[in-house]
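Undergrad: So I've got this file, upload.txt, and it contains compact mmCIF, C-alpha atoms and all ligand atoms:
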# COMPACT_ATOMS: atom_id res chain seq x y z
CA MET A 20 70.06 110.83 96.11
CA PRO A 21 71.10 108.48 93.29
CA ASP A 22 68.41 106.98 91.06
CA THR A 23 68.10 103.38 92.22
CA ASN A 24 65.65 102.29 89.53
CA SER A 25 67.47 102.91 86.26
CA ILE A 26 70.98 102.15 85.05
CA TYR A 27 73.70 104.78 84.88
CA ASP A 28 76.03 104.67 81.89
CA CYS A 29 78.88 105.31 84.28
CA VAL A 30 79.43 105.76 88.00
CA ILE A 31 82.61 107.53 89.08
CA ILE A 32 83.91 106.94 92.60
CA GLY A 33 85.88 109.96 93.79
CA GLY A 34 85.47 113.67 93.12
CA GLY A 35 89.09 114.87 92.96
CA PRO A 36 90.77 116.26 89.83
CA ALA A 37 90.65 112.80 88.18
CA GLY A 38 87.01 111.95 88.84
CA LEU A 39 85.70 115.44 88.13
CA THR A 40 87.50 115.72 84.79
CA CYS A 41 86.21 112.31 83.76
CA ALA A 42 82.70 113.37 84.80
CA ILE A 43 82.83 116.61 82.78
CA PHE A 44 83.90 114.77 79.61
CA LEU A 45 81.31 112.00 80.05
CA GLY A 46 78.58 114.54 80.79
CA ARG A 47 79.45 116.40 77.62
CA TYR A 48 79.00 113.12 75.68
CA ARG A 49 75.43 113.35 77.06
CA LEU A 50 75.80 110.09 78.95
CA ARG A 51 74.01 109.38 82.22
CA VAL A 52 76.72 109.84 84.83
CA LEU A 53 76.80 109.75 88.62
CA LEU A 54 79.81 110.90 90.65
CA CYS A 55 80.00 109.69 94.26
CA ASP A 56 82.37 111.43 96.65
CA ASN A 57 82.85 111.30 100.40
CA GLY A 58 84.79 114.56 100.73
CA LYS A 59 88.22 113.37 101.92
CA PRO A 60 90.69 114.38 99.21
CA ARG A 61 94.40 113.60 99.54
CA ASN A 62 95.42 117.27 99.46
CA TYR A 63 92.71 118.39 101.91
CA ALA A 64 95.12 120.47 104.00
CA SER A 65 97.24 121.89 101.21
CA ARG A 66 97.07 125.65 100.71
CA ALA A 67 97.52 125.68 96.95
CA ILE A 68 97.91 123.47 93.93
CA HIS A 69 101.06 124.28 91.96
CA GLY A 70 101.75 123.63 88.31
CA PHE A 71 98.18 123.23 87.04
CA ILE A 72 98.07 125.33 83.89
CA GLY A 73 95.69 128.25 84.23
CA GLN A 74 95.01 127.31 87.86
CA HIS A 75 98.48 127.68 89.41
CA ASN A 76 98.15 128.40 93.16
CA ILE A 77 94.44 127.61 93.29
CA PRO A 78 93.31 126.25 96.71
CA PRO A 79 92.31 122.56 96.35
CA ALA A 80 88.77 123.18 97.66
CA GLU A 81 88.23 125.91 95.07
CA LEU A 82 89.37 123.63 92.23
CA ARG A 83 86.90 120.98 93.40
CA ARG A 84 84.10 123.55 93.76
CA ARG A 85 84.63 124.74 90.19
CA GLY A 86 84.93 121.17 88.94
CA ARG A 87 81.64 120.19 90.57
CA GLU A 88 79.92 123.22 89.11
CA GLU A 89 81.25 122.41 85.63
CA ALA A 90 80.28 118.73 85.93
CA GLU A 91 76.75 119.60 87.05
CA ALA A 92 76.45 122.10 84.20
CA ALA A 93 77.30 119.18 81.86
CA GLY A 94 74.42 117.15 83.34
CA VAL A 95 76.37 114.97 85.79
CA GLU A 96 74.61 113.94 89.01
CA ILE A 97 76.75 114.31 92.14
CA CYS A 98 76.08 112.41 95.33
CA ASP A 99 77.93 113.03 98.62
CA CYS A 100 78.21 109.43 99.75
CA THR A 101 80.64 106.56 100.23
CA VAL A 102 80.65 103.64 97.82
CA GLU A 103 80.93 100.58 100.05
CA ARG A 104 80.69 97.68 97.63
CA ILE A 105 80.74 96.91 93.89
CA GLU A 106 79.72 93.61 92.33
CA ARG A 107 79.55 92.56 88.71
CA SER A 108 76.19 91.25 87.56
CA GLY A 109 76.35 90.12 83.93
CA ASP A 110 77.37 93.14 81.86
CA GLN A 111 76.46 95.60 84.64
CA PHE A 112 77.79 96.56 88.04
CA CYS A 113 75.75 96.82 91.25
CA LEU A 114 77.02 99.43 93.67
CA THR A 115 76.11 99.77 97.33
CA THR A 116 76.51 103.28 98.66
CA THR A 117 75.64 105.01 101.92
CA SER A 118 72.82 106.69 99.95
CA GLY A 119 71.38 103.51 98.44
CA SER A 120 72.10 100.87 95.80
CA LEU A 121 72.41 101.54 92.09
CA ARG A 122 73.46 99.98 88.80
CA ALA A 123 75.95 101.08 86.15
CA ARG A 124 77.34 99.88 82.84
CA ARG A 125 80.84 101.23 83.54
CA VAL A 126 82.69 102.07 86.75
CA VAL A 127 85.56 104.51 87.25
CA LEU A 128 87.74 104.14 90.33
CA ALA A 129 89.05 107.63 91.18
CA TYR A 130 89.19 107.35 94.95
CA GLY A 131 92.87 108.23 95.32
CA VAL A 132 95.44 107.36 97.95
CA ARG A 133 96.43 108.48 101.46
CA ASP A 134 99.93 109.53 102.52
CA LEU A 135 101.66 107.66 105.33
CA VAL A 136 103.03 110.31 107.69
CA PRO A 137 106.23 109.44 109.62
CA GLY A 138 106.00 108.84 113.35
CA VAL A 139 107.68 112.08 114.36
CA PRO A 140 106.02 113.77 117.36
CA ASN A 141 103.80 116.76 116.47
CA ILE A 142 104.68 116.58 112.74
CA THR A 143 101.01 117.03 111.85
CA ASP A 144 101.10 120.52 113.48
CA PHE A 145 103.27 121.61 110.54
CA TYR A 146 101.80 119.44 107.75
CA PRO A 147 101.41 120.63 105.07
CA GLY A 148 102.30 124.25 106.03
CA SER A 149 106.05 123.58 106.05
CA VAL A 150 106.16 119.78 105.91
CA TYR A 151 105.89 118.41 102.38
CA HIS A 152 106.19 115.12 100.56
CA CYS A 153 106.53 116.10 96.92
CA PRO A 154 109.52 118.10 95.61
CA ASP A 155 107.84 118.27 92.17
CA CYS A 156 104.88 120.10 93.75
CA ASP A 157 106.60 122.14 96.45
CA GLY A 158 110.39 122.13 95.83
CA TYR A 159 110.21 125.67 94.46
CA GLU A 160 108.61 126.82 97.72
CA VAL A 161 111.77 125.93 99.69
CA THR A 162 114.27 127.71 97.45
CA GLY A 163 117.28 128.76 99.54
CA LEU A 164 115.77 127.42 102.80
CA ARG A 165 117.17 124.96 105.38
CA VAL A 166 115.46 121.71 104.50
CA GLY A 167 115.31 118.37 106.28
CA VAL A 168 114.37 115.04 104.69
CA ILE A 169 112.97 112.33 106.97
CA GLY A 170 113.85 108.81 105.87
CA HIS A 171 116.50 106.15 106.06
CA ALA A 172 116.69 104.53 102.61
CA THR A 173 116.96 105.14 98.87
CA ARG A 174 113.78 107.24 98.65
CA ALA A 175 115.19 109.73 101.18
CA ALA A 176 118.60 109.88 99.47
CA GLY A 177 116.90 110.47 96.10
CA MET A 178 114.67 113.15 97.55
CA ALA A 179 117.59 114.99 99.21
CA LEU A 180 119.63 114.89 96.00
CA LYS A 181 116.63 116.15 94.02
CA LEU A 182 116.10 119.03 96.46
CA LEU A 183 119.60 120.33 95.58
CA GLN A 184 117.85 122.00 92.63
CA TRP A 185 116.38 124.47 95.14
CA THR A 186 118.69 124.55 98.16
CA ASN A 187 122.15 123.49 99.36
CA GLU A 188 121.21 123.41 103.03
CA LEU A 189 120.02 119.84 103.39
CA THR A 190 119.96 117.36 106.26
CA ILE A 191 118.62 113.81 106.19
CA PHE A 192 116.99 112.71 109.46
CA VAL A 193 117.24 108.93 109.74
CA HIS A 194 115.07 109.20 112.89
CA GLY A 195 116.52 106.27 114.82
CA GLU A 196 116.16 103.73 112.00
CA GLU A 197 119.01 101.72 110.52
CA ARG A 198 120.53 103.49 107.49
CA HIS A 199 119.79 101.67 104.24
CA PHE A 200 121.72 103.77 101.74
CA THR A 201 123.82 102.05 99.09
CA LYS A 202 127.54 102.85 98.85
CA GLU A 203 126.83 104.94 95.75
CA GLU A 204 124.08 106.90 97.51
CA THR A 205 126.29 107.49 100.54
CA SER A 206 129.14 108.82 98.42
CA LYS A 207 126.77 111.10 96.47
CA LEU A 208 125.33 112.50 99.71
CA LEU A 209 128.85 113.08 101.04
CA ALA A 210 130.02 114.71 97.82
CA GLU A 211 127.07 117.11 97.88
CA GLY A 212 127.61 117.99 101.55
CA ILE A 213 124.25 116.62 102.67
CA ALA A 214 124.36 115.99 106.42
CA VAL A 215 122.87 112.78 107.83
CA LYS A 216 121.59 112.69 111.43
CA ASP A 217 120.91 109.22 112.80
CA GLU A 218 119.22 110.14 116.10
CA LYS A 219 115.49 110.05 116.72
CA ILE A 220 113.61 113.35 116.45
CA ILE A 221 111.82 113.80 119.78
CA ALA A 222 110.01 117.05 118.92
CA LEU A 223 109.56 119.71 116.30
CA THR A 224 109.39 123.36 117.33
CA GLY A 225 107.93 126.22 115.33
CA GLU A 226 105.41 129.00 115.05
CA GLY A 227 101.96 128.41 113.59
CA ASP A 228 102.47 125.93 110.76
CA ARG A 229 106.13 126.98 110.18
CA VAL A 230 108.64 124.48 111.57
CA LYS A 231 111.83 125.96 113.14
CA HIS A 232 113.84 123.14 114.73
CA ALA A 233 114.07 119.39 114.78
CA VAL A 234 115.00 118.45 118.35
CA LEU A 235 117.03 115.22 118.51
CA GLU A 236 117.18 112.75 121.39
CA THR A 237 120.72 114.00 122.16
CA GLY A 238 119.23 117.44 122.85
CA GLU A 239 120.67 118.91 119.63
CA ARG A 240 118.31 121.42 117.96
CA VAL A 241 118.80 121.36 114.20
CA PRO A 242 117.40 124.50 112.51
CA VAL A 243 115.02 123.67 109.63
CA ASP A 244 112.58 125.85 107.68
CA ALA A 245 110.91 122.92 105.96
CA LEU A 246 110.78 119.13 106.09
CA PHE A 247 110.07 116.56 103.38
CA PHE A 248 109.19 112.90 103.80
CA SER A 249 108.45 110.00 101.52
CA ILE A 250 107.49 106.81 103.25
CA GLY A 251 104.64 105.73 101.01
CA THR A 252 100.93 105.78 100.32
CA VAL A 253 97.97 103.42 100.59
CA ARG A 254 94.83 103.19 98.48
CA SER A 255 91.88 104.99 100.11
CA CYS A 256 89.68 101.86 100.09
CA THR A 257 89.64 98.25 98.93
CA LEU A 258 86.97 98.35 96.19
CA ALA A 259 89.49 97.48 93.44
CA GLU A 260 90.71 94.36 95.23
CA GLU A 261 87.15 93.25 96.01
CA LEU A 262 86.26 93.59 92.32
CA GLY A 263 89.30 91.49 91.37
CA CYS A 264 91.32 94.27 89.70
CA ARG A 265 95.02 93.44 89.52
CA VAL A 266 96.99 95.76 91.79
CA LEU A 267 100.68 96.60 91.68
CA ASP A 268 101.68 96.02 95.30
CA PRO A 269 103.78 97.12 97.10
CA GLN A 270 103.04 100.28 95.07
CA PRO A 271 99.61 101.74 95.71
CA CYS A 272 98.60 101.55 92.04
CA ILE A 273 96.05 99.55 90.11
CA GLU A 274 97.17 97.96 86.84
CA VAL A 275 95.63 99.72 83.81
CA ASP A 276 96.07 99.71 80.04
CA GLN A 277 96.74 102.81 77.92
CA TYR A 278 93.04 103.75 78.13
CA LYS A 279 93.02 103.40 81.96
CA GLU A 280 90.94 100.20 81.87
CA THR A 281 91.81 97.76 84.67
CA SER A 282 92.14 93.99 84.34
CA VAL A 283 88.35 93.83 84.96
CA GLU A 284 86.49 94.77 81.77
CA GLY A 285 84.38 97.89 82.16
CA VAL A 286 86.24 99.12 85.25
CA TYR A 287 88.69 102.01 84.88
CA ALA A 288 91.21 103.45 87.37
CA ILE A 289 92.51 107.00 87.14
CA GLY A 290 94.43 109.68 89.03
CA ASP A 291 96.68 108.71 91.93
CA LEU A 292 95.34 105.14 91.69
CA ALA A 293 96.88 104.66 88.23
CA PRO A 294 100.64 104.27 87.70
CA GLY A 295 102.63 107.41 86.86
CA SER A 296 103.16 110.84 88.38
CA GLN A 297 100.81 111.61 91.26
CA LEU A 298 99.81 115.16 90.41
CA ALA A 299 96.56 117.06 90.11
CA VAL A 300 97.23 117.86 86.48
CA THR A 301 98.11 114.28 85.45
CA SER A 302 95.08 113.03 87.39
CA ALA A 303 92.87 115.35 85.38
CA ALA A 304 94.50 114.11 82.16
CA ASP A 305 93.76 110.50 83.19
CA GLY A 306 90.11 111.46 83.63
CA ALA A 307 89.90 112.71 80.05
CA ILE A 308 91.68 109.63 78.62
CA ALA A 309 89.33 107.26 80.44
CA ALA A 310 86.23 109.24 79.45
CA ILE A 311 87.08 109.05 75.74
CA ALA A 312 87.60 105.28 76.00
CA ILE A 313 84.44 104.74 78.06
CA ASN A 314 82.31 106.70 75.59
CA LYS A 315 83.72 104.63 72.72
CA SER A 316 83.06 101.39 74.58
CA LEU A 317 79.39 102.35 75.05
CA LEU A 318 78.73 103.13 71.38
CA PRO A 319 76.58 100.57 69.56
CA PRO A 320 78.52 98.60 66.88
CA SER A 321 76.48 100.39 64.18
CA ARG A 322 78.20 103.66 65.12
CA ARG A 323 81.74 102.35 65.26
CA VAL A 324 84.11 102.01 62.33
C1 LIG B 401 99.91 118.09 100.69
C2 LIG B 401 99.77 117.82 99.22
C3 LIG B 401 100.14 118.79 98.30
C4 LIG B 401 100.01 118.55 96.93
N1 LIG B 401 100.37 119.53 96.06
C5 LIG B 401 100.22 119.35 94.74
C6 LIG B 401 100.57 120.38 93.82
O1 LIG B 401 101.00 121.45 94.22
N2 LIG B 401 100.38 120.14 92.49
C7 LIG B 401 99.90 118.94 92.02
O2 LIG B 401 99.73 118.80 90.81
N3 LIG B 401 99.56 117.94 92.87
C8 LIG B 401 99.72 118.11 94.21
N4 LIG B 401 99.41 117.11 95.09
C9 LIG B 401 98.94 115.82 94.55
C10 LIG B 401 97.45 115.89 94.19
O3 LIG B 401 96.74 116.40 95.28
C11 LIG B 401 96.94 114.50 93.83
O4 LIG B 401 97.76 113.96 92.81
C12 LIG B 401 95.48 114.57 93.33
O5 LIG B 401 94.65 115.13 94.31
C13 LIG B 401 94.97 113.20 92.96
O6 LIG B 401 93.68 113.33 92.47
P1 LIG B 401 92.65 112.13 92.54
O7 LIG B 401 91.43 112.67 91.87
O8 LIG B 401 93.27 110.89 92.01
O9 LIG B 401 92.41 111.86 94.10
P2 LIG B 401 91.88 112.80 95.28
O10 LIG B 401 92.08 114.24 94.96
O11 LIG B 401 92.52 112.29 96.53
O12 LIG B 401 90.32 112.52 95.32
C14 LIG B 401 89.81 111.25 95.67
C15 LIG B 401 88.41 111.42 96.19
O13 LIG B 401 87.79 110.15 96.36
C16 LIG B 401 86.98 110.17 97.52
N5 LIG B 401 86.75 108.81 97.98
C17 LIG B 401 87.64 107.93 98.50
N6 LIG B 401 87.05 106.75 98.75
C18 LIG B 401 85.76 106.88 98.40
C19 LIG B 401 84.62 106.01 98.42
N7 LIG B 401 84.72 104.72 98.81
N8 LIG B 401 83.41 106.49 98.02
C20 LIG B 401 83.28 107.77 97.60
N9 LIG B 401 84.33 108.64 97.54
C21 LIG B 401 85.55 108.19 97.92
C22 LIG B 401 87.76 111.05 98.50
O14 LIG B 401 86.91 111.60 99.47
C23 LIG B 401 88.33 112.11 97.56
O15 LIG B 401 87.49 113.23 97.49
C24 LIG B 401 99.52 117.31 96.47
C25 LIG B 401 99.14 116.32 97.39
C26 LIG B 401 99.26 116.57 98.75
C27 LIG B 401 98.87 115.50 99.73
Can you turn what I pasted into structure tokens?
TA:
Amino acid sequence: MPDTNSIYDCVIIGGGPAGLTCAIFLGRYRLRVLLCDNGKPRNYASRAIHGFIGQHNIPPAELRRRGREEAEAAGVEICDCTVERIERSGDQFCLTTTSGSLRARRVVLAYGVRDLVPGVPNITDFYPGSVYHCPDCDGYEVTGLRVGVIGHATRAAGMALKLLQWTNELTIFVHGEERHFTKEETSKLLAEGIAVKDEKIIALTGEGDRVKHAVLETGERVPVDALFFSIGTVRSCTLAEELGCRVLDPQPCIEVDQYKETSVEGVYAIGDLAPGSQLAVTSAADGAIAAIAINKSLLPPSRRV
């Protein structure tokens, strides 16, 4: 349970790679820190995190478990709760959580985003076993495989062209939408031999979490070993907007400066919520950058030069 009587130096909302790294740094500055997390990370179903130095292939839940242990060892309090409301009150913030109300001098928004999954029947049976959304994270995993990209516009064309680094067997599934590729994109797709199927996908077949075919409304069964999609993300909750932080719609990001401070003084946004690459490793880096700035901002003037 959070301490409702005294004031935390900082409350962090979200216990993913971003929030946990921020917590570890702030704890090691010997500040009074509370991390609130409601246990719904973006990569909940992923088998492994790729490309995190020293932790390559680590299951997401294991990374979080270690991060929590390290944060607690640094003196951070962790509360499994949802933050429902934040209000500024003078130079402090009042937070309402499902475990009670509390006060803090600084607030870190690290609550991440959610992926929008395309409306293809039974796609979630194969997500994320063989359905992916990030070539930077999982492109290597589909080397030499037959890969489909679901989408009808520039994002899908860009993704298919990027995937050529790992495979030549690529099909774009427009899935019954109107094609919105530019002339240049169309000619690049043609030149690279990337097939485009306009028909709706009516079913995916496969075994376990491995997809095998995309079945089109014409009855055609297109063999695929993996599918990628990129239709967008949404912020996990609306705390930033309620606080008055400037957001970068239609992107899911919150505007921040180089120290990850938002347009509201004393409120920081890190990880997938901040502009830039959406990766576990860059989220962790954001956490460290914000922590250094937060610690500095809390120092009395007599200790700053
Ligand atoms: C399928 C998949 C595979 C991926 N693979 C890779 C990979 O291989 N390598 C890589 O680097 N990246 C990968 N990523 C991206 C990576 O997972 C994210 O970039 C990273 O998790 C973002 O970290 P975060 O801390 O910003 O947010 P998250 O990890 O999403 O954590 C946010 C936390 O905030 C909590 N929360 C939300 N709202 C509230 C609230 N109101 N109160 C309290 N808690 C709240 C959530 O429960 C969650 O625990 C993958 C993502 C997905 C979806």
Undergrad: Please identify every residue of chain A that has at least one atom no farther than 7 Å from an atom of ligand LIG 401 (chain B), counting all atoms listed in the file, and for each give the shortest atom pair and the distance in Å to one decimal, arranged by chain then increasing number, as CSV.
TA:
residue,atom,partner,partner_atom,distance
A:Ile32,CA,B:LIG401,C20,5.1
A:Gly33,CA,B:LIG401,O13,3.2
A:Gly34,CA,B:LIG401,C15,4.8
A:Gly35,CA,B:LIG401,O7,3.4
A:Pro36,CA,B:LIG401,O7,4.2
A:Ala37,CA,B:LIG401,O7,3.8
A:Gly38,CA,B:LIG401,O7,5.4
A:Cys55,CA,B:LIG401,C20,5.1
A:Asp56,CA,B:LIG401,N9,3.5
A:Asn57,CA,B:LIG401,O14,4.2
A:Gly58,CA,B:LIG401,O14,3.9
A:Lys59,CA,B:LIG401,O14,3.3
A:Pro60,CA,B:LIG401,C23,3.7
A:Arg61,CA,B:LIG401,O11,3.8
A:Asn62,CA,B:LIG401,C27,3.9
A:Ala64,CA,B:LIG401,C1,6.3
A:Ser65,CA,B:LIG401,C1,4.7
A:Ala67,CA,B:LIG401,O1,6.1
A:Ile68,CA,B:LIG401,O1,3.7
A:His69,CA,B:LIG401,O1,3.6
A:Gly70,CA,B:LIG401,N2,5.6
A:Phe71,CA,B:LIG401,O2,6.0
A:Cys100,CA,B:LIG401,C20,5.8
A:Thr101,CA,B:LIG401,N8,3.5
A:Val102,CA,B:LIG401,N8,4.0
A:Glu103,CA,B:LIG401,N7,5.7
A:Ala129,CA,B:LIG401,O8,5.4
A:Tyr130,CA,B:LIG401,O13,3.4
A:Gly131,CA,B:LIG401,O9,3.9
A:Val132,CA,B:LIG401,O11,5.9
A:Asp134,CA,B:LIG401,C27,6.7
A:Pro147,CA,B:LIG401,C1,5.3
A:Tyr151,CA,B:LIG401,C1,6.2
A:His152,CA,B:LIG401,C1,6.9
A:Cys153,CA,B:LIG401,C4,7.0
A:Cys156,CA,B:LIG401,O1,4.1
A:Asp157,CA,B:LIG401,O1,6.1
A:Ser255,CA,B:LIG401,N6,5.3
A:Cys256,CA,B:LIG401,N6,5.7
A:Ile289,CA,B:LIG401,O8,6.3
A:Gly290,CA,B:LIG401,O8,3.4
A:Asp291,CA,B:LIG401,O8,4.0
A:Leu292,CA,B:LIG401,O8,6.1
A:Gln297,CA,B:LIG401,O4,4.2
A:Leu298,CA,B:LIG401,O4,3.4
A:Ala299,CA,B:LIG401,O2,3.7
A:Val300,CA,B:LIG401,O2,5.1
A:Ser302,CA,B:LIG401,O6,5.3
Undergrad: Okay, now the selection with C-alpha atoms, as a PDB file, keeping the file's coordinate frame?
TA:
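Result saved to again-v8.pdb:
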ATOM      1  CA  ILE A  32      83.910 106.940  92.600  1.00  0.00           C
ATOM      2  CA  GLY A  33      85.880 109.960  93.790  1.00  0.00           C
ATOM      3  CA  GLY A  34      85.470 113.670  93.120  1.00  0.00           C
ATOM      4  CA  GLY A  35      89.090 114.870  92.960  1.00  0.00           C
ATOM      5  CA  PRO A  36      90.770 116.260  89.830  1.00  0.00           C
ATOM      6  CA  ALA A  37      90.650 112.800  88.180  1.00  0.00           C
ATOM      7  CA  GLY A  38      87.010 111.950  88.840  1.00  0.00           C
ATOM      8  CA  CYS A  55      80.000 109.690  94.260  1.00  0.00           C
ATOM      9  CA  ASP A  56      82.370 111.430  96.650  1.00  0.00           C
ATOM     10  CA  ASN A  57      82.850 111.300 100.400  1.00  0.00           C
ATOM     11  CA  GLY A  58      84.790 114.560 100.730  1.00  0.00           C
ATOM     12  CA  LYS A  59      88.220 113.370 101.920  1.00  0.00           C
ATOM     13  CA  PRO A  60      90.690 114.380  99.210  1.00  0.00           C
ATOM     14  CA  ARG A  61      94.400 113.600  99.540  1.00  0.00           C
ATOM     15  CA  ASN A  62      95.420 117.270  99.460  1.00  0.00           C
ATOM     16  CA  ALA A  64      95.120 120.470 104.000  1.00  0.00           C
ATOM     17  CA  SER A  65      97.240 121.890 101.210  1.00  0.00           C
ATOM     18  CA  ALA A  67      97.520 125.680  96.950  1.00  0.00           C
ATOM     19  CA  ILE A  68      97.910 123.470  93.930  1.00  0.00           C
ATOM     20  CA  HIS A  69     101.060 124.280  91.960  1.00  0.00           C
ATOM     21  CA  GLY A  70     101.750 123.630  88.310  1.00  0.00           C
ATOM     22  CA  PHE A  71      98.180 123.230  87.040  1.00  0.00           C
ATOM     23  CA  CYS A 100      78.210 109.430  99.750  1.00  0.00           C
ATOM     24  CA  THR A 101      80.640 106.560 100.230  1.00  0.00           C
ATOM     25  CA  VAL A 102      80.650 103.640  97.820  1.00  0.00           C
ATOM     26  CA  GLU A 103      80.930 100.580 100.050  1.00  0.00           C
ATOM     27  CA  ALA A 129      89.050 107.630  91.180  1.00  0.00           C
ATOM     28  CA  TYR A 130      89.190 107.350  94.950  1.00  0.00           C
ATOM     29  CA  GLY A 131      92.870 108.230  95.320  1.00  0.00           C
ATOM     30  CA  VAL A 132      95.440 107.360  97.950  1.00  0.00           C
ATOM     31  CA  ASP A 134      99.930 109.530 102.520  1.00  0.00           C
ATOM     32  CA  PRO A 147     101.410 120.630 105.070  1.00  0.00           C
ATOM     33  CA  TYR A 151     105.890 118.410 102.380  1.00  0.00           C
ATOM     34  CA  HIS A 152     106.190 115.120 100.560  1.00  0.00           C
ATOM     35  CA  CYS A 153     106.530 116.100  96.920  1.00  0.00           C
ATOM     36  CA  CYS A 156     104.880 120.100  93.750  1.00  0.00           C
ATOM     37  CA  ASP A 157     106.600 122.140  96.450  1.00  0.00           C
ATOM     38  CA  SER A 255      91.880 104.990 100.110  1.00  0.00           C
ATOM     39  CA  CYS A 256      89.680 101.860 100.090  1.00  0.00           C
ATOM     40  CA  ILE A 289      92.510 107.000  87.140  1.00  0.00           C
ATOM     41  CA  GLY A 290      94.430 109.680  89.030  1.00  0.00           C
ATOM     42  CA  ASP A 291      96.680 108.710  91.930  1.00  0.00           C
ATOM     43  CA  LEU A 292      95.340 105.140  91.690  1.00  0.00           C
ATOM     44  CA  GLN A 297     100.810 111.610  91.260  1.00  0.00           C
ATOM     45  CA  LEU A 298      99.810 115.160  90.410  1.00  0.00           C
ATOM     46  CA  ALA A 299      96.560 117.060  90.110  1.00  0.00           C
ATOM     47  CA  VAL A 300      97.230 117.860  86.480  1.00  0.00           C
ATOM     48  CA  SER A 302      95.080 113.030  87.390  1.00  0.00           C
TER      49      SER A 302
END
Undergrad: Counting all atoms listed in the file, I want the residues whose atoms come within 12 Å of (113.4, 111.7, 99.1) in the file frame, returned as a ChimeraX atom specification.
TA: /A:151-155,158,166-183,189-193,200,204,208,246-251
Undergrad: Okay, now the selection with C-alpha atoms, as a PDB file, keeping the file's coordinate frame?
TA:
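Done, and the output landed in again-v1.pdb:
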ATOM      1  CA  TYR A 151     105.890 118.410 102.380  1.00  0.00           C
ATOM      2  CA  HIS A 152     106.190 115.120 100.560  1.00  0.00           C
ATOM      3  CA  CYS A 153     106.530 116.100  96.920  1.00  0.00           C
ATOM      4  CA  PRO A 154     109.520 118.100  95.610  1.00  0.00           C
ATOM      5  CA  ASP A 155     107.840 118.270  92.170  1.00  0.00           C
ATOM      6  CA  GLY A 158     110.390 122.130  95.830  1.00  0.00           C
ATOM      7  CA  VAL A 166     115.460 121.710 104.500  1.00  0.00           C
ATOM      8  CA  GLY A 167     115.310 118.370 106.280  1.00  0.00           C
ATOM      9  CA  VAL A 168     114.370 115.040 104.690  1.00  0.00           C
ATOM     10  CA  ILE A 169     112.970 112.330 106.970  1.00  0.00           C
ATOM     11  CA  GLY A 170     113.850 108.810 105.870  1.00  0.00           C
ATOM     12  CA  HIS A 171     116.500 106.150 106.060  1.00  0.00           C
ATOM     13  CA  ALA A 172     116.690 104.530 102.610  1.00  0.00           C
ATOM     14  CA  THR A 173     116.960 105.140  98.870  1.00  0.00           C
ATOM     15  CA  ARG A 174     113.780 107.240  98.650  1.00  0.00           C
ATOM     16  CA  ALA A 175     115.190 109.730 101.180  1.00  0.00           C
ATOM     17  CA  ALA A 176     118.600 109.880  99.470  1.00  0.00           C
ATOM     18  CA  GLY A 177     116.900 110.470  96.100  1.00  0.00           C
ATOM     19  CA  MET A 178     114.670 113.150  97.550  1.00  0.00           C
ATOM     20  CA  ALA A 179     117.590 114.990  99.210  1.00  0.00           C
ATOM     21  CA  LEU A 180     119.630 114.890  96.000  1.00  0.00           C
ATOM     22  CA  LYS A 181     116.630 116.150  94.020  1.00  0.00           C
ATOM     23  CA  LEU A 182     116.100 119.030  96.460  1.00  0.00           C
ATOM     24  CA  LEU A 183     119.600 120.330  95.580  1.00  0.00           C
ATOM     25  CA  LEU A 189     120.020 119.840 103.390  1.00  0.00           C
ATOM     26  CA  THR A 190     119.960 117.360 106.260  1.00  0.00           C
ATOM     27  CA  ILE A 191     118.620 113.810 106.190  1.00  0.00           C
ATOM     28  CA  PHE A 192     116.990 112.710 109.460  1.00  0.00           C
ATOM     29  CA  VAL A 193     117.240 108.930 109.740  1.00  0.00           C
ATOM     30  CA  PHE A 200     121.720 103.770 101.740  1.00  0.00           C
ATOM     31  CA  GLU A 204     124.080 106.900  97.510  1.00  0.00           C
ATOM     32  CA  LEU A 208     125.330 112.500  99.710  1.00  0.00           C
ATOM     33  CA  LEU A 246     110.780 119.130 106.090  1.00  0.00           C
ATOM     34  CA  PHE A 247     110.070 116.560 103.380  1.00  0.00           C
ATOM     35  CA  PHE A 248     109.190 112.900 103.800  1.00  0.00           C
ATOM     36  CA  SER A 249     108.450 110.000 101.520  1.00  0.00           C
ATOM     37  CA  ILE A 250     107.490 106.810 103.250  1.00  0.00           C
ATOM     38  CA  GLY A 251     104.640 105.730 101.010  1.00  0.00           C
TER      39      GLY A 251
END
Undergrad: What separation in Å, quoted to one decimal, exists between CA of Ala80 in chain A and CA of Ile43 in chain A?
TA: 17.3 Å
Undergrad: With all atoms listed in the file as the atoms that count, which of A:Phe145, A:Tyr48, A:Tyr287, A:Tyr278 lies nearest to Lys231 in chain A?
TA: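 Distance minimum relative to Lys231 in chain A lands on A:Phe145.
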Undergrad: Ile311 in chain A: which residues within 9 Å, counting only C-alpha atoms, same-chain residues fewer than 5 positions away excluded, as a PyMOL selection string?
TA: chain A and resi 41+44-45+278+306+316
Undergrad: Could you turn the residues from that selection into a file that holds C-alpha atoms, as an mmCIF file, in the frame of the given file?
TA:
data_model
loop_
_atom_site.group_PDB
_atom_site.id
_atom_site.type_symbol
_atom_site.label_atom_id
_atom_site.label_comp_id
_atom_site.auth_asym_id
_atom_site.auth_seq_id
_atom_site.Cartn_x
_atom_site.Cartn_y
_atom_site.Cartn_z
ATOM 1 C CA CYS A 41 86.210 112.310 83.760
ATOM 2 C CA PHE A 44 83.900 114.770 79.610
ATOM 3 C CA LEU A 45 81.310 112.000 80.050
ATOM 4 C CA TYR A 278 93.040 103.750 78.130
ATOM 5 C CA GLY A 306 90.110 111.460 83.630
ATOM 6 C CA SER A 316 83.060 101.390 74.580
#
Undergrad: Could you tell me how far CA of Ile221 in chain A sits from CA of Val139 in chain A, in Å to one decimal place?
TA: 7.0 Å
